[in-house]
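A quick write-up on the structure given underneath.
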Amino acid sequence: MAGFPQNAWEGPLGVGDVSAARVKGAVAGAAGQCRARAEALPATPDQIALFARRSARALAALGLLGLGSGGAVLWGEAAGLFTGAAPDALWLVACGLIAAALAAVSTGLSRAARRVGRAGLLADLALVTLHGPTGEFLAVEHAQAPCAGLGLTAASDLFDRIQVADRPAFLAALSSARAGEGEARCEVRLRCEGAGETPVYVWMEMRAVRAGAARRDGGPLRTGIVRAGLTRVSWRDIDAAKLKAEREEAARAEAERANHAKSRFLAAMSHELRTPLNTILGYSELLASDGAGHLDATRRADYARIIHESGQHLLGLVNDILDLSRVEAGAYELSPEPLEVAGLVDGCLEMMSLEAVRRGVALKVRVAPRLPSLCADHRALRQILLNLLSNAVKFTPRDGKVELSVRERGGTMSFCVRDTGPGMSASDVARLGEPFFQTGDMEHRRAGSGLGLAVVRGLVLLHGGSFHVASTKGRGTAVTITIPLVRESGVVAFARADEACGAQADMRDGRRSA
């Protein structure tokens, strides 16, 4: 049958029987031991189906001929047309035709099953290569379309296309197969396209077997080659499976990280709530006890002040938690309006000046002249600046300096809070932005809930702005936020802060939370 040679299916593959599943230009080896033969390509499933239909029709005709012959003999005997041994001879002919048809059907089905199985196994392979005694590439024996354009024309081409980190495993597998230790498997990354600065690698599973041996799974690599030292390697594209596995692993790791973060959040929140509550309960019991009458006015005033401060701490903590939850849920409603930035900055400095004086920290401001108005939510922007200033003042030692600078840059308003505090380490940078997380060791930690930076980041991102932190250990930290001068529309989109974080937040070098 044209286009369906028998030797493409029967018998072992020889060195010259190069096949490439309908891919033109299968590449000959450097030594020229293989030649492309388009006539010997494995048949496609459509060709197999067509051949099966034609064979079935021929076999059916043969069977019907046998049955017809038997019927004719019966009719002839009934009509008295045959005499002597003629009916027996005709019966033998009819039975022979039927038996031949049945045998042909059985043989054809077996061959078709083997051909379909072999075609399927070859289709599963992206590449089949032949290697010499020292592992050098000799020829391509089979190549699917994505790998037909590799251009393997020299002995070093295939090895050069394997990623450097995977080459030892590749050589070890070849060595194991040549030593007759059975089929050797490994996974490597093969450059299939892109020879420039950004090559494209795909994950391939390679199975190396000594030529003349059979694969354990009965694959299509059975061969009649008995030349000593030759190794045949089948390559299967597993890039999609690898990508799926990596995504599943990343999703699992993210789920575990979220679960751990939730546990840390609950533990820290419980501690932050319990400490001021215990203080309030303890001092209130002292004031309400029978011995409270023996307390002087100064002591009673101190107890009342401690209770008030603890209550203020609880209120601030609850407000931070509510703000953070609303930001993450996308329910924080912004009311953007034109703002006079200089006046807002002066108000924030007045609120922080007493705390800065108490801690012995110099608080300075630099506002560029003739700043344009900024379209933003007044309450949210004030909270952003107060959190950043409070954070910087708390982390700056006595006689240190905190500076707030404001300027217009590229259609955005830039706010930078710079301090001379202890700075941050790389390990702290990796966890910044987590609720209740504070940088540094216990000696350098300051009072606070650890929610300040998480709230600031969420509010900045809801404004469509960006967040950047630069920090050097022992030299301080600079936190810069940018907010667009004008919103694209009058309606602020309520985006989830955690989704926007990955796309918009630029946090290089380090950051810290209040």
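We name chains A, B, ... following the order of the structure tokens; residues begin at 1 in each chain, and ligands are numbered from 1 as shown.
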
Discussion item. Can you tell me, as a VMD selection string, which residues in range 304-498 of chain A count as helix (DSSP H, G or I) by DSSP?
Written reply: chain A and resid 304 to 328 341 to 359 378 to 395 426 to 431 452 to 462 497 to 498

Item to complete: From the DSSP assignment of the backbone, select every residue of range 256-497 of chain A that is strand (DSSP E or B), and format the answer as a PyMOL selection string.
Response: chain A and resi 336-339+362-367+374-377+401-409+412-419+466-472+476-484

Given the selection you just returned, output its residues as a file containing C-alpha atoms, formatted as a short mmCIF file (atom, residue, chain, number, x, y, z; two decimals), in the first residue's frame.
data_model
loop_
_atom_site.label_atom_id
_atom_site.label_comp_id
_atom_site.auth_asym_id
_atom_site.auth_seq_id
_atom_site.Cartn_x
_atom_site.Cartn_y
_atom_site.Cartn_z
CA PRO A 336 -10.81 61.84 46.98
CA GLU A 337 -10.84 65.62 46.94
CA PRO A 338 -8.33 68.37 46.02
CA LEU A 339 -5.95 68.85 48.94
CA ALA A 362 14.76 66.47 65.70
CA LEU A 363 11.76 66.64 63.35
CA LYS A 364 12.33 68.54 60.10
CA VAL A 365 10.33 69.11 56.93
CA ARG A 366 11.21 70.13 53.39
CA VAL A 367 8.29 71.02 51.13
CA LEU A 374 -3.37 66.61 45.19
CA CYS A 375 -6.56 64.61 44.62
CA ALA A 376 -6.67 62.16 47.53
CA ASP A 377 -8.65 61.12 50.58
CA LYS A 401 16.79 63.15 63.10
CA VAL A 402 13.59 62.50 61.15
CA GLU A 403 12.94 64.42 57.96
CA LEU A 404 9.80 64.61 55.81
CA SER A 405 10.28 65.87 52.25
CA VAL A 406 7.52 66.52 49.72
CA ARG A 407 7.88 67.23 46.02
CA GLU A 408 6.14 66.79 42.69
CA ARG A 409 7.67 64.22 40.35
CA THR A 412 2.79 62.27 41.13
CA MET A 413 3.26 63.67 44.61
CA SER A 414 6.22 62.09 46.39
CA PHE A 415 6.45 61.88 50.20
CA CYS A 416 9.71 60.66 51.74
CA VAL A 417 10.23 60.05 55.47
CA ARG A 418 13.92 59.57 56.27
CA ASP A 419 15.35 58.73 59.70
CA SER A 466 3.54 53.04 44.91
CA PHE A 467 5.58 52.18 47.98
CA HIS A 468 9.37 51.96 48.23
CA VAL A 469 11.71 51.44 51.17
CA ALA A 470 15.49 51.79 51.19
CA SER A 471 17.36 50.77 54.32
CA THR A 472 20.95 50.17 55.36
CA GLY A 476 18.71 54.46 58.88
CA THR A 477 15.72 54.02 56.61
CA ALA A 478 13.95 56.04 53.94
CA VAL A 479 10.30 55.31 53.13
CA THR A 480 8.97 56.86 49.93
CA ILE A 481 5.37 56.83 48.73
CA THR A 482 4.04 58.32 45.51
CA ILE A 483 0.41 59.18 44.80
CA PRO A 484 -0.97 60.33 41.41
#

Fill in: Coordinates-based distance that separates CA of Val327 in chain A from CA of Lys394 in chain A (Å, one decimal)
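One can read the CA of Lys394 in chain A to CA of Val327 in chain A distance as 24.6 Å.
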
Item to complete: Find the residue from A:Leu286, A:Ala392, A:Leu273, A:Val456 that sits nearest to His313 in chain A; use only C-alpha atoms when measuring.
Response: A:Leu273

Fill in: Proximity to Val318 in chain A - best of A:Val233, A:Met269, A:Leu354, A:Ala297, only C-alpha atoms
A:Met269

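Note that the spacing between CA of Ala172 in chain A and CA of Trp235 in chain A amounts to 15.7 Å.
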
Item to complete: Do a neighbour search on Leu277 in chain A at 10 Å with only C-alpha atoms, toss out local chain neighbours closer than 2 positions, and write the hits as a PyMOL selection string.
Response: chain A and resi 271-275+279-282+307+310-311+313-314

Could you write out that same residue set with C-alpha atoms as a PDB file, in the first residue's frame?
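Output below, filename selection-v6.pdb:
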ATOM      1  CA  HIS A 271      -1.172  39.426  73.386  1.00  0.00           C
ATOM      2  CA  GLU A 272      -1.683  43.047  72.331  1.00  0.00           C
ATOM      3  CA  LEU A 273      -5.237  43.024  73.682  1.00  0.00           C
ATOM      4  CA  ARG A 274      -4.461  41.170  76.903  1.00  0.00           C
ATOM      5  CA  THR A 275      -1.619  43.441  78.075  1.00  0.00           C
ATOM      6  CA  THR A 279      -3.356  46.992  83.123  1.00  0.00           C
ATOM      7  CA  ILE A 280      -6.812  48.555  83.081  1.00  0.00           C
ATOM      8  CA  LEU A 281      -8.290  45.839  85.284  1.00  0.00           C
ATOM      9  CA  GLY A 282      -5.407  45.918  87.759  1.00  0.00           C
ATOM     10  CA  ILE A 307      -5.763  53.456  82.678  1.00  0.00           C
ATOM     11  CA  SER A 310      -4.054  51.761  78.128  1.00  0.00           C
ATOM     12  CA  GLY A 311      -7.520  52.547  76.840  1.00  0.00           C
ATOM     13  CA  HIS A 313      -3.700  51.970  73.163  1.00  0.00           C
ATOM     14  CA  LEU A 314      -6.615  49.545  72.898  1.00  0.00           C
TER      15      LEU A 314
END

Practice prompt. Would you mind telling me which residue in A:Ile162, A:Leu451, A:Cys186, A:Val140 lies nearest to Asp320 in chain A when using only C-alpha atoms?
Written response: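 Distance minimum relative to Asp320 in chain A lands on A:Leu451.
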